[in-house]
file upload.cif (mmCIF, C-alpha atoms)
data_entry
#
loop_
_atom_site.group_PDB
_atom_site.id
_atom_site.type_symbol
_atom_site.label_atom_id
_atom_site.label_comp_id
_atom_site.auth_asym_id
_atom_site.auth_seq_id
_atom_site.Cartn_x
_atom_site.Cartn_y
_atom_site.Cartn_z
ATOM 1 C CA MET A 1 0.000 0.000 0.000
ATOM 2 C CA SER A 2 1.362 3.469 -0.804
ATOM 3 C CA GLU A 3 0.326 7.059 -0.930
ATOM 4 C CA ALA A 4 1.655 10.246 -2.406
ATOM 5 C CA PHE A 5 2.049 13.172 -0.120
ATOM 6 C CA LYS A 6 3.596 16.598 -0.131
ATOM 7 C CA THR A 7 5.319 18.473 2.628
ATOM 8 C CA ARG A 8 6.231 22.119 2.517
ATOM 9 C CA SER A 9 8.657 22.942 5.270
ATOM 10 C CA PRO A 10 11.323 25.659 5.183
ATOM 11 C CA ALA A 11 13.895 23.263 3.739
ATOM 12 C CA ILE A 12 12.032 20.294 2.284
ATOM 13 C CA VAL A 13 9.633 20.391 -0.653
ATOM 14 C CA HIS A 14 8.991 17.031 -2.292
ATOM 15 C CA ASP A 15 6.396 14.703 -3.759
ATOM 16 C CA ARG A 16 7.543 11.183 -2.951
ATOM 17 C CA PRO A 17 5.255 8.139 -2.806
ATOM 18 C CA MET A 18 6.133 6.260 0.363
ATOM 19 C CA ASP A 19 5.080 2.958 1.881
ATOM 20 C CA ALA A 20 2.347 3.936 4.303
ATOM 21 C CA VAL A 21 2.166 0.510 5.953
ATOM 22 C CA ASP A 22 5.138 -1.661 5.077
ATOM 23 C CA HIS A 23 5.226 -3.959 8.042
ATOM 24 C CA GLN A 24 3.448 -6.876 9.575
ATOM 25 C CA ASP A 25 0.685 -6.847 12.139
ATOM 26 C CA ASN A 26 2.936 -7.184 15.152
ATOM 27 C CA GLN A 27 0.485 -9.370 17.056
ATOM 28 C CA ALA A 28 2.613 -12.195 15.686
ATOM 29 C CA GLY A 29 5.667 -10.541 17.213
ATOM 30 C CA PRO A 30 8.161 -8.031 15.851
ATOM 31 C CA ARG A 31 10.628 -8.924 13.132
ATOM 32 C CA ILE A 32 13.981 -9.780 14.699
ATOM 33 C CA GLY A 33 17.156 -8.391 13.190
ATOM 34 C CA LEU A 34 20.774 -8.895 14.171
ATOM 35 C CA GLY A 35 23.226 -6.093 14.774
ATOM 36 C CA LEU A 36 26.550 -6.657 13.071
ATOM 37 C CA PRO A 37 29.741 -6.574 15.197
ATOM 38 C CA ALA A 38 30.954 -3.469 13.337
ATOM 39 C CA ALA A 39 31.036 -1.395 16.553
ATOM 40 C CA ILE A 40 32.956 -3.964 18.622
ATOM 41 C CA PRO A 41 36.502 -2.671 19.232
ATOM 42 C CA ASP A 42 39.216 -4.714 17.514
ATOM 43 C CA VAL A 43 36.634 -6.698 15.546
ATOM 44 C CA PRO A 44 38.364 -9.353 13.379
ATOM 45 C CA PRO A 45 38.599 -8.302 9.703
ATOM 46 C CA GLY A 46 36.202 -10.880 8.335
ATOM 47 C CA ALA A 47 33.688 -10.890 11.183
ATOM 48 C CA THR A 48 31.174 -8.484 9.666
ATOM 49 C CA ALA A 49 30.669 -10.488 6.474
ATOM 50 C CA GLU A 50 30.799 -13.799 8.367
ATOM 51 C CA TRP A 51 28.093 -12.646 10.793
ATOM 52 C CA ALA A 52 25.937 -11.325 7.953
ATOM 53 C CA GLY A 53 25.944 -14.557 5.982
ATOM 54 C CA LEU A 54 25.368 -16.633 9.096
ATOM 55 C CA ALA A 55 22.558 -14.353 10.310
ATOM 56 C CA GLU A 56 20.596 -14.678 7.086
ATOM 57 C CA ASN A 57 21.034 -18.458 7.137
ATOM 58 C CA LEU A 58 19.847 -18.577 10.750
ATOM 59 C CA GLY A 59 16.672 -16.687 9.872
ATOM 60 C CA PHE A 60 17.260 -13.133 11.078
ATOM 61 C CA ARG A 61 15.121 -10.738 9.069
ATOM 62 C CA SER A 62 17.520 -7.817 8.957
ATOM 63 C CA LEU A 63 21.092 -6.720 9.630
ATOM 64 C CA ALA A 64 21.859 -3.467 11.403
ATOM 65 C CA VAL A 65 24.672 -1.094 12.272
ATOM 66 C CA ILE A 66 25.124 1.823 14.644
ATOM 67 C CA ASP A 67 27.143 4.955 13.960
ATOM 68 C CA ARG A 68 30.019 6.740 15.649
ATOM 69 C CA LEU A 69 32.869 8.762 14.179
ATOM 70 C CA VAL A 70 35.437 9.090 16.963
ATOM 71 C CA TYR A 71 35.319 5.450 18.057
ATOM 72 C CA ASP A 72 36.764 2.068 17.104
ATOM 73 C CA ASN A 73 33.948 1.045 14.764
ATOM 74 C CA LEU A 74 33.641 0.355 11.067
ATOM 75 C CA ASP A 75 31.922 2.947 8.941
ATOM 76 C CA PRO A 76 28.292 1.779 8.896
ATOM 77 C CA LEU A 77 27.795 2.008 5.140
ATOM 78 C CA VAL A 78 31.025 0.119 4.459
ATOM 79 C CA ALA A 79 29.910 -2.555 6.918
ATOM 80 C CA LEU A 80 26.502 -2.856 5.248
ATOM 81 C CA ALA A 81 28.134 -3.080 1.825
ATOM 82 C CA ALA A 82 30.118 -6.065 3.093
ATOM 83 C CA ALA A 83 26.883 -7.560 4.421
ATOM 84 C CA ALA A 84 25.078 -6.932 1.127
ATOM 85 C CA ALA A 85 27.743 -8.874 -0.752
ATOM 86 C CA VAL A 86 27.074 -12.097 1.168
ATOM 87 C CA THR A 87 23.288 -11.910 1.619
ATOM 88 C CA GLU A 88 20.233 -11.816 -0.627
ATOM 89 C CA HIS A 89 17.136 -11.158 1.465
ATOM 90 C CA ALA A 90 17.856 -9.459 4.804
ATOM 91 C CA GLU A 91 17.037 -5.781 5.088
ATOM 92 C CA LEU A 92 20.014 -3.509 5.796
ATOM 93 C CA PHE A 93 19.360 -1.021 8.622
ATOM 94 C CA THR A 94 21.231 2.012 9.869
ATOM 95 C CA THR A 95 20.063 2.715 13.412
ATOM 96 C CA VAL A 96 20.943 5.465 13.128
ATOM 97 C CA LEU A 97 23.166 7.165 10.585
ATOM 98 C CA ASN A 98 24.252 10.566 11.871
ATOM 99 C CA VAL A 99 23.724 13.048 9.061
ATOM 100 C CA PRO A 100 24.892 16.637 9.794
ATOM 101 C CA TRP A 101 28.558 16.039 10.589
ATOM 102 C CA ARG A 102 28.925 14.205 7.268
ATOM 103 C CA GLN A 103 28.440 17.669 5.697
ATOM 104 C CA SER A 104 27.816 16.692 2.071
ATOM 105 C CA GLY A 105 24.249 15.673 1.339
ATOM 106 C CA LEU A 106 25.188 14.658 -2.198
ATOM 107 C CA MET A 107 28.040 12.447 -1.036
ATOM 108 C CA LEU A 108 25.812 10.703 1.491
ATOM 109 C CA ALA A 109 23.060 10.360 -1.115
ATOM 110 C CA LYS A 110 25.514 8.703 -3.507
ATOM 111 C CA GLN A 111 26.697 6.275 -0.824
ATOM 112 C CA LEU A 112 23.154 5.235 0.088
ATOM 113 C CA TRP A 113 22.170 5.144 -3.605
ATOM 114 C CA SER A 114 25.092 2.791 -4.239
ATOM 115 C CA LEU A 115 24.202 0.555 -1.303
ATOM 116 C CA GLU A 116 20.571 0.447 -2.399
ATOM 117 C CA ARG A 117 21.587 -0.661 -5.892
ATOM 118 C CA ILE A 118 24.168 -3.274 -4.965
ATOM 119 C CA SER A 119 21.854 -4.773 -2.336
ATOM 120 C CA GLY A 120 18.903 -5.073 -4.699
ATOM 121 C CA GLY A 121 16.763 -2.538 -2.831
ATOM 122 C CA ARG A 122 17.155 -3.648 0.787
ATOM 123 C CA VAL A 123 18.229 -0.438 2.555
ATOM 124 C CA VAL A 124 16.283 0.952 5.506
ATOM 125 C CA ALA A 125 18.116 4.171 6.326
ATOM 126 C CA GLY A 126 17.512 5.313 9.868
ATOM 127 C CA LEU A 127 18.672 8.935 9.947
ATOM 128 C CA ALA A 128 19.173 11.335 12.843
ATOM 129 C CA LEU A 129 21.255 14.227 14.135
ATOM 130 C CA GLY A 130 23.650 12.292 16.362
ATOM 131 C CA GLY A 131 24.587 13.529 19.797
ATOM 132 C CA TRP A 132 28.228 12.633 20.435
ATOM 133 C CA SER A 133 29.896 16.031 20.855
ATOM 134 C CA GLU A 134 33.363 14.788 19.868
ATOM 135 C CA ASP A 135 32.052 13.649 16.477
ATOM 136 C CA TYR A 136 30.916 17.186 15.760
ATOM 137 C CA ARG A 137 33.983 18.813 17.258
ATOM 138 C CA GLU A 138 36.422 16.758 15.215
ATOM 139 C CA SER A 139 34.350 17.333 12.064
ATOM 140 C CA GLY A 140 34.517 21.091 12.554
ATOM 141 C CA ILE A 141 30.720 21.279 12.744
ATOM 142 C CA SER A 142 28.797 23.062 15.480
ATOM 143 C CA LEU A 143 26.102 21.242 17.400
ATOM 144 C CA ALA A 144 24.077 24.442 17.141
ATOM 145 C CA GLY A 145 22.118 24.599 13.905
ATOM 146 C CA ARG A 146 22.473 20.904 13.150
ATOM 147 C CA GLY A 147 18.727 20.540 12.582
ATOM 148 C CA ALA A 148 18.780 23.103 9.779
ATOM 149 C CA ALA A 149 21.879 21.434 8.328
ATOM 150 C CA PHE A 150 20.070 18.084 8.401
ATOM 151 C CA ASP A 151 17.111 19.540 6.496
ATOM 152 C CA ALA A 152 19.352 21.108 3.876
ATOM 153 C CA MET A 153 21.289 17.872 3.360
ATOM 154 C CA LEU A 154 18.106 15.850 3.238
ATOM 155 C CA ASP A 155 16.732 18.110 0.522
ATOM 156 C CA VAL A 156 19.797 17.372 -1.621
ATOM 157 C CA MET A 157 19.588 13.641 -0.879
ATOM 158 C CA LEU A 158 15.959 13.402 -1.934
ATOM 159 C CA ARG A 159 16.578 15.348 -5.150
ATOM 160 C CA ALA A 160 19.483 13.039 -5.979
ATOM 161 C CA TRP A 161 17.412 9.889 -5.414
ATOM 162 C CA ASP A 162 14.593 11.352 -7.504
ATOM 163 C CA GLY A 163 16.965 11.888 -10.458
ATOM 164 C CA GLY A 164 16.980 15.653 -10.000
ATOM 165 C CA ILE A 165 20.754 16.233 -10.007
ATOM 166 C CA SER A 166 22.636 16.140 -13.307
ATOM 167 C CA GLY A 167 26.196 16.453 -14.531
ATOM 168 C CA ALA A 168 27.964 16.327 -17.875
ATOM 169 C CA GLY A 169 26.950 12.677 -18.277
ATOM 170 C CA GLY A 170 23.304 13.312 -17.431
ATOM 171 C CA PRO A 171 21.358 12.809 -14.201
ATOM 172 C CA LEU A 172 22.122 10.398 -11.439
ATOM 173 C CA PRO A 173 19.577 7.661 -12.268
ATOM 174 C CA ALA A 174 16.515 7.864 -10.053
ATOM 175 C CA LEU A 175 15.772 5.152 -7.549
ATOM 176 C CA PRO A 176 12.268 3.670 -7.407
ATOM 177 C CA SER A 177 9.790 5.906 -5.592
ATOM 178 C CA GLY A 178 10.268 5.888 -1.854
ATOM 179 C CA ARG A 179 13.678 4.215 -1.966
ATOM 180 C CA PRO A 180 15.665 3.882 0.106
ATOM 181 C CA ARG A 181 13.105 3.520 2.880
ATOM 182 C CA LEU A 182 13.683 6.209 5.475
ATOM 183 C CA LEU A 183 13.211 6.053 9.219
ATOM 184 C CA PHE A 184 13.940 9.045 11.418
ATOM 185 C CA GLY A 185 15.235 9.108 14.973
ATOM 186 C CA GLY A 186 15.217 11.768 17.641
ATOM 187 C CA PHE A 187 12.840 13.234 20.191
ATOM 188 C CA ALA A 188 12.549 16.850 19.025
ATOM 189 C CA PRO A 189 9.246 17.901 17.423
ATOM 190 C CA ARG A 190 11.041 18.500 14.131
ATOM 191 C CA SER A 191 12.255 14.876 14.149
ATOM 192 C CA TYR A 192 8.694 13.601 14.184
ATOM 193 C CA GLU A 193 7.676 16.106 11.510
ATOM 194 C CA ARG A 194 10.430 14.813 9.211
ATOM 195 C CA MET A 195 9.336 11.270 9.875
ATOM 196 C CA ALA A 196 5.683 11.964 9.112
ATOM 197 C CA ALA A 197 6.472 13.976 5.987
ATOM 198 C CA LEU A 198 9.186 11.901 4.363
ATOM 199 C CA GLY A 199 9.650 8.635 6.199
ATOM 200 C CA THR A 200 8.097 5.256 6.740
ATOM 201 C CA GLY A 201 8.595 5.285 10.489
ATOM 202 C CA TRP A 202 10.564 6.112 13.628
ATOM 203 C CA VAL A 203 13.655 4.460 15.083
ATOM 204 C CA ALA A 204 14.161 4.461 18.863
ATOM 205 C CA PRO A 205 17.385 4.441 20.903
ATOM 206 C CA LEU A 206 18.914 1.224 22.204
ATOM 207 C CA PHE A 207 17.777 1.724 25.785
ATOM 208 C CA GLY A 208 15.102 3.495 27.791
ATOM 209 C CA PHE A 209 11.619 1.992 27.796
ATOM 210 C CA ASP A 210 9.773 5.107 28.994
ATOM 211 C CA ALA A 211 11.483 7.149 26.274
ATOM 212 C CA LEU A 212 10.424 4.505 23.751
ATOM 213 C CA LEU A 213 6.781 4.743 24.789
ATOM 214 C CA GLY A 214 6.832 8.532 24.601
ATOM 215 C CA GLY A 215 8.509 8.420 21.213
ATOM 216 C CA ILE A 216 5.999 5.970 19.777
ATOM 217 C CA ALA A 217 3.105 8.138 20.954
ATOM 218 C CA ALA A 218 4.695 11.255 19.446
ATOM 219 C CA ALA A 219 5.458 9.468 16.175
ATOM 220 C CA GLN A 220 1.900 8.226 15.863
ATOM 221 C CA ALA A 221 0.508 11.685 16.657
ATOM 222 C CA ALA A 222 2.722 13.308 14.006
ATOM 223 C CA TRP A 223 1.721 10.622 11.516
ATOM 224 C CA SER A 224 -1.968 11.315 12.095
ATOM 225 C CA ALA A 225 -1.443 15.082 11.977
ATOM 226 C CA ALA A 226 0.206 14.670 8.565
ATOM 227 C CA ASP A 227 -2.877 12.720 7.414
ATOM 228 C CA ARG A 228 -0.829 9.620 6.625
ATOM 229 C CA SER A 229 -2.742 6.361 6.323
ATOM 230 C CA GLY A 230 -1.901 3.360 8.463
ATOM 231 C CA ARG A 231 0.757 3.857 11.101
ATOM 232 C CA PRO A 232 4.502 4.437 11.232
ATOM 233 C CA ARG A 233 6.919 1.552 11.319
ATOM 234 C CA ILE A 234 8.606 1.438 14.730
ATOM 235 C CA ALA A 235 12.128 0.029 15.034
ATOM 236 C CA VAL A 236 14.062 -0.316 18.279
ATOM 237 C CA GLY A 237 17.414 -1.779 19.224
ATOM 238 C CA ARG A 238 18.626 -3.665 22.276
ATOM 239 C CA TYR A 239 22.046 -4.981 23.224
ATOM 240 C CA PHE A 240 22.467 -8.659 24.036
ATOM 241 C CA SER A 241 25.157 -10.899 25.475
ATOM 242 C CA LEU A 242 24.618 -14.636 25.998
ATOM 243 C CA GLY A 243 26.617 -17.492 27.443
ATOM 244 C CA PRO A 244 28.753 -18.169 30.538
ATOM 245 C CA ASP A 245 30.404 -14.725 30.640
ATOM 246 C CA ALA A 246 27.370 -12.765 29.455
ATOM 247 C CA ASP A 247 27.231 -10.211 32.268
ATOM 248 C CA SER A 248 30.932 -9.447 32.446
ATOM 249 C CA THR A 249 31.106 -9.121 28.659
ATOM 250 C CA ALA A 250 28.128 -6.754 28.691
ATOM 251 C CA ASP A 251 29.579 -4.703 31.556
ATOM 252 C CA LYS A 252 32.885 -4.233 29.738
ATOM 253 C CA TYR A 253 31.420 -3.339 26.359
ATOM 254 C CA ILE A 254 28.640 -1.017 27.509
ATOM 255 C CA HIS A 255 31.048 0.861 29.764
ATOM 256 C CA HIS A 256 33.535 1.180 26.905
ATOM 257 C CA TYR A 257 30.900 2.452 24.490
ATOM 258 C CA TYR A 258 28.920 4.782 26.761
ATOM 259 C CA GLY A 259 31.398 5.653 29.499
ATOM 260 C CA ASP A 260 30.429 6.567 33.038
ATOM 261 C CA GLN A 261 27.897 9.151 31.888
ATOM 262 C CA PHE A 262 25.396 6.720 30.349
ATOM 263 C CA LEU A 263 26.368 3.360 31.838
ATOM 264 C CA ALA A 264 23.700 3.351 34.554
ATOM 265 C CA ALA A 265 20.978 4.182 32.028
ATOM 266 C CA ALA A 266 22.070 1.732 29.326
ATOM 267 C CA ARG A 267 23.115 -1.369 31.262
ATOM 268 C CA PRO A 268 19.696 -2.479 32.650
ATOM 269 C CA ASP A 269 18.291 -2.902 29.131
ATOM 270 C CA VAL A 270 21.111 -5.212 28.007
ATOM 271 C CA LEU A 271 19.716 -8.726 27.570
ATOM 272 C CA THR A 272 21.963 -11.345 29.158
ATOM 273 C CA THR A 273 19.641 -14.287 29.855
ATOM 274 C CA PRO A 274 17.017 -16.117 27.797
ATOM 275 C CA GLU A 275 14.410 -15.076 30.358
ATOM 276 C CA HIS A 276 15.278 -11.391 30.106
ATOM 277 C CA LEU A 277 15.284 -11.636 26.314
ATOM 278 C CA ASP A 278 11.843 -13.223 26.286
ATOM 279 C CA ARG A 279 10.376 -10.645 28.680
ATOM 280 C CA GLU A 280 11.805 -7.743 26.737
ATOM 281 C CA LEU A 281 10.598 -8.990 23.365
ATOM 282 C CA GLN A 282 7.111 -9.362 24.833
ATOM 283 C CA ARG A 283 7.284 -5.858 26.275
ATOM 284 C CA LEU A 284 8.480 -4.380 22.979
ATOM 285 C CA ARG A 285 5.781 -6.213 21.048
ATOM 286 C CA ASP A 286 3.118 -4.914 23.419
ATOM 287 C CA ALA A 287 4.506 -1.392 23.017
ATOM 288 C CA GLY A 288 3.922 -1.602 19.252
ATOM 289 C CA CYS A 289 7.445 -2.209 17.915
ATOM 290 C CA ASP A 290 7.611 -3.729 14.432
ATOM 291 C CA ASP A 291 11.356 -4.393 14.303
ATOM 292 C CA VAL A 292 13.686 -5.329 17.162
ATOM 293 C CA LEU A 293 17.362 -5.182 16.255
ATOM 294 C CA LEU A 294 19.628 -7.048 18.670
ATOM 295 C CA PHE A 295 23.188 -5.726 18.869
ATOM 296 C CA PRO A 296 26.058 -7.807 20.260
ATOM 297 C CA CYS A 297 28.469 -6.941 23.053
ATOM 298 C CA SER A 298 31.048 -9.337 21.602
ATOM 299 C CA ALA A 299 32.236 -10.341 18.145
ATOM 300 C CA ASP A 300 32.296 -14.026 19.148
ATOM 301 C CA ILE A 301 30.646 -15.955 16.301
ATOM 302 C CA ASP A 302 28.831 -18.099 18.894
ATOM 303 C CA GLN A 303 26.685 -15.072 19.822
ATOM 304 C CA PRO A 304 24.336 -15.124 16.790
ATOM 305 C CA ARG A 305 24.062 -18.909 17.112
ATOM 306 C CA ARG A 306 23.156 -18.666 20.800
ATOM 307 C CA LEU A 307 20.662 -15.920 20.046
ATOM 308 C CA ALA A 308 18.995 -17.867 17.236
ATOM 309 C CA SER A 309 18.731 -20.902 19.519
ATOM 310 C CA VAL A 310 17.029 -18.917 22.268
ATOM 311 C CA LEU A 311 14.673 -17.313 19.754
ATOM 312 C CA GLU A 312 13.996 -20.691 18.114
ATOM 313 C CA LEU A 313 14.435 -19.203 14.653
#

call {"tool": "encode", "arguments": {"input": "upload.cif", "output": "structure tokens"}}
result
Amino acid sequence: MSEAFKTRSPAIVHDRPMDAVDHQDNQAGPRIGLGLPAAIPDVPPGATAEWAGLAENLGFRSLAVIDRLVYDNLDPLVALAAAAAVTEHAELFTTVLNVPWRQSGLMLAKQLWSLERISGGRVVAGLALGGWSEDYRESGISLAGRGAAFDAMLDVMLRAWDGGISGAGGPLPALPSGRPRLLFGGFAPRSYERMAALGTGWVAPLFGFDALLGGIAAAQAAWSAADRSGRPRIAVGRYFSLGPDADSTADKYIHHYYGDQFLAAARPDVLTTPEHLDRELQRLRDAGCDDVLLFPCSADIDQPRRLASVLEL
């Protein structure tokens, strides 16, 4: 099902048919995706592609990456390109790709355009502002005004994907309408407006259940206010760590990634037992989540196998 809609905001003016309802009735449970180990420090060179191929064979519906600049992680679009090369069906998620500090909307559009083409149309681009101050500082970009920068870059990206940017050799070939699929993250009113105007749904952070509930309510309200049919697709991530050393592995990784500032908030939502995993999936289903993306705390290849066993995929 699709609909055409128009939004006229200060920076975005487009007619783009989008998938109004492109997800299952989640009474059967959310789709389960696997986060790739691209943000695990010192990840072995071949682990990302190995995990991707194994995940699709195990039955995971999607593959996902998270984004940092000043951190020991693979670039998310490079990681997804590696995943695309060894898979055929799994959707490829960014949850989320931080837009403003990348500076060039056309460059980012070309990268996502390329990934969409080589993957056969499997990209679900979760986009947001990004909040790590060092990523902005080292990029020479101010945190102030990043929303306006996002809108300006997004305008260029949409024109590029619609075939509206040309050079000496002609236009960049247009992607099919509404491709790549766009999700938007963030809690500011403008984030929900972008989502309702140009996206297929909202992507939540990797921890914080109360924030998730508030975000879903705001996303649904913005969707209705924009007179969109159906409802927005809701994607959420959670960290997991399974096996004999699950808790110590989770403690080490979450502290390394979030530091002292966010450790206390993030750690309780890390899933380290089959029982906790089951309870959380039920809670996320009941909240209305359509996609749950489970991100590892270790690059150990046994982790996706353990997870698939617990989930009975």

call {"tool": "resolve_selection", "arguments": {"input": "upload.cif", "expression": "the PyMOL selection byres ((chain A and resi 44-54) around 10)", "output": "NGL selection string"}}
result
:A and (34-43 or 55-60 or 62-64 or 74 or 79-88 or 90 or 299-305)

call {"tool": "residues_around", "arguments": {"input": "upload.cif", "residues": "Ala204 in chain A", "least_positions_apart": "5", "cutoff": "7 Å", "atoms": "only C-alpha atoms", "output": "PyMOL selection string"}}
result
chain A and resi 185+212+235-236

call {"tool": "residues_around", "arguments": {"input": "upload.cif", "residues": "Phe184 in chain A", "least_positions_apart": "5", "cutoff": "6 Å", "atoms": "all atoms listed in the file", "output": "JSON, numbers by chain"}}
result
{"A": [126, 127, 128, 195, 202, 203]}

call {"tool": "closest_residue", "arguments": {"input": "upload.cif", "among": "A:Gly186, A:Gly167, A:Pro100, A:Pro176", "to": "Gly140 in chain A", "atoms": "all atoms listed in the file"}}
result
A:Pro100

call {"tool": "atom_distance", "arguments": {"input": "upload.cif", "atom1": "CA of Ala218 in chain A", "atom2": "CA of Arg181 in chain A"}}
result
20.1 Å

call {"tool": "resolve_selection", "arguments": {"input": "upload.cif", "expression": "the PyMOL selection byres ((chain A and resi 274) around 9)", "output": "mmCIF file with C-alpha atoms, in the coordinates of the input"}}
result
data_model
loop_
_atom_site.group_PDB
_atom_site.id
_atom_site.type_symbol
_atom_site.label_atom_id
_atom_site.label_comp_id
_atom_site.auth_asym_id
_atom_site.auth_seq_id
_atom_site.Cartn_x
_atom_site.Cartn_y
_atom_site.Cartn_z
ATOM 1 C CA LEU A 242 24.618 -14.636 25.998
ATOM 2 C CA LEU A 271 19.716 -8.726 27.570
ATOM 3 C CA THR A 272 21.963 -11.345 29.158
ATOM 4 C CA THR A 273 19.641 -14.287 29.855
ATOM 5 C CA GLU A 275 14.410 -15.076 30.358
ATOM 6 C CA HIS A 276 15.278 -11.391 30.106
ATOM 7 C CA LEU A 277 15.284 -11.636 26.314
ATOM 8 C CA ASP A 278 11.843 -13.223 26.286
ATOM 9 C CA ARG A 279 10.376 -10.645 28.680
ATOM 10 C CA LEU A 307 20.662 -15.920 20.046
ATOM 11 C CA VAL A 310 17.029 -18.917 22.268
ATOM 12 C CA LEU A 311 14.673 -17.313 19.754
#

call {"tool": "closest_residue", "arguments": {"input": "upload.cif", "among": "A:Leu172, A:Leu143, A:Ala196, A:Ala28", "to": "Asp286 in chain A", "atoms": "only C-alpha atoms"}}
result
A:Ala28

call {"tool": "decode", "arguments": {"input": "upload.cif", "residues": "range 199-205 of chain A", "atoms": "all heavy atoms", "output": "PDB file, in the first residue's frame"}}
result
ATOM      1  N   GLY A 199       9.181   9.943   5.803  1.00  0.00           N
ATOM      2  CA  GLY A 199       9.650   8.635   6.199  1.00  0.00           C
ATOM      3  C   GLY A 199       8.578   7.570   6.212  1.00  0.00           C
ATOM      4  O   GLY A 199       7.406   7.816   5.929  1.00  0.00           O
ATOM      5  N   THR A 200       9.026   6.364   6.537  1.00  0.00           N
ATOM      6  CA  THR A 200       8.097   5.256   6.740  1.00  0.00           C
ATOM      7  C   THR A 200       7.947   4.929   8.214  1.00  0.00           C
ATOM      8  O   THR A 200       7.117   4.090   8.570  1.00  0.00           O
ATOM      9  CB  THR A 200       8.569   3.999   5.988  1.00  0.00           C
ATOM     10  OG1 THR A 200       9.848   3.608   6.481  1.00  0.00           O
ATOM     11  CG2 THR A 200       8.658   4.267   4.502  1.00  0.00           C
ATOM     12  N   GLY A 201       8.741   5.562   9.074  1.00  0.00           N
ATOM     13  CA  GLY A 201       8.595   5.285  10.489  1.00  0.00           C
ATOM     14  C   GLY A 201       9.667   5.936  11.333  1.00  0.00           C
ATOM     15  O   GLY A 201      10.435   6.785  10.876  1.00  0.00           O
ATOM     16  N   TRP A 202       9.695   5.522  12.603  1.00  0.00           N
ATOM     17  CA  TRP A 202      10.564   6.112  13.628  1.00  0.00           C
ATOM     18  C   TRP A 202      11.451   5.038  14.209  1.00  0.00           C
ATOM     19  O   TRP A 202      11.023   3.900  14.417  1.00  0.00           O
ATOM     20  CB  TRP A 202       9.696   6.735  14.725  1.00  0.00           C
ATOM     21  CG  TRP A 202      10.446   7.434  15.817  1.00  0.00           C
ATOM     22  CD1 TRP A 202      11.131   8.616  15.719  1.00  0.00           C
ATOM     23  CD2 TRP A 202      10.574   7.009  17.176  1.00  0.00           C
ATOM     24  NE1 TRP A 202      11.684   8.941  16.940  1.00  0.00           N
ATOM     25  CE2 TRP A 202      11.353   7.976  17.853  1.00  0.00           C
ATOM     26  CE3 TRP A 202      10.106   5.901  17.891  1.00  0.00           C
ATOM     27  CZ2 TRP A 202      11.678   7.879  19.204  1.00  0.00           C
ATOM     28  CZ3 TRP A 202      10.427   5.788  19.239  1.00  0.00           C
ATOM     29  CH2 TRP A 202      11.203   6.771  19.885  1.00  0.00           C
ATOM     30  N   VAL A 203      12.709   5.393  14.484  1.00  0.00           N
ATOM     31  CA  VAL A 203      13.655   4.460  15.083  1.00  0.00           C
ATOM     32  C   VAL A 203      14.036   4.977  16.462  1.00  0.00           C
ATOM     33  O   VAL A 203      14.388   6.146  16.625  1.00  0.00           O
ATOM     34  CB  VAL A 203      14.895   4.244  14.183  1.00  0.00           C
ATOM     35  CG1 VAL A 203      15.595   5.540  13.850  1.00  0.00           C
ATOM     36  CG2 VAL A 203      15.849   3.260  14.819  1.00  0.00           C
ATOM     37  N   ALA A 204      13.937   4.105  17.466  1.00  0.00           N
ATOM     38  CA  ALA A 204      14.161   4.461  18.863  1.00  0.00           C
ATOM     39  C   ALA A 204      15.601   4.170  19.270  1.00  0.00           C
ATOM     40  O   ALA A 204      16.293   3.366  18.633  1.00  0.00           O
ATOM     41  CB  ALA A 204      13.195   3.683  19.749  1.00  0.00           C
ATOM     42  N   PRO A 205      16.054   4.765  20.370  1.00  0.00           N
ATOM     43  CA  PRO A 205      17.385   4.441  20.903  1.00  0.00           C
ATOM     44  C   PRO A 205      17.470   3.011  21.402  1.00  0.00           C
ATOM     45  O   PRO A 205      16.471   2.283  21.494  1.00  0.00           O
ATOM     46  CB  PRO A 205      17.544   5.437  22.061  1.00  0.00           C
ATOM     47  CG  PRO A 205      16.567   6.523  21.796  1.00  0.00           C
ATOM     48  CD  PRO A 205      15.406   5.864  21.105  1.00  0.00           C
TER      49      PRO A 205
END
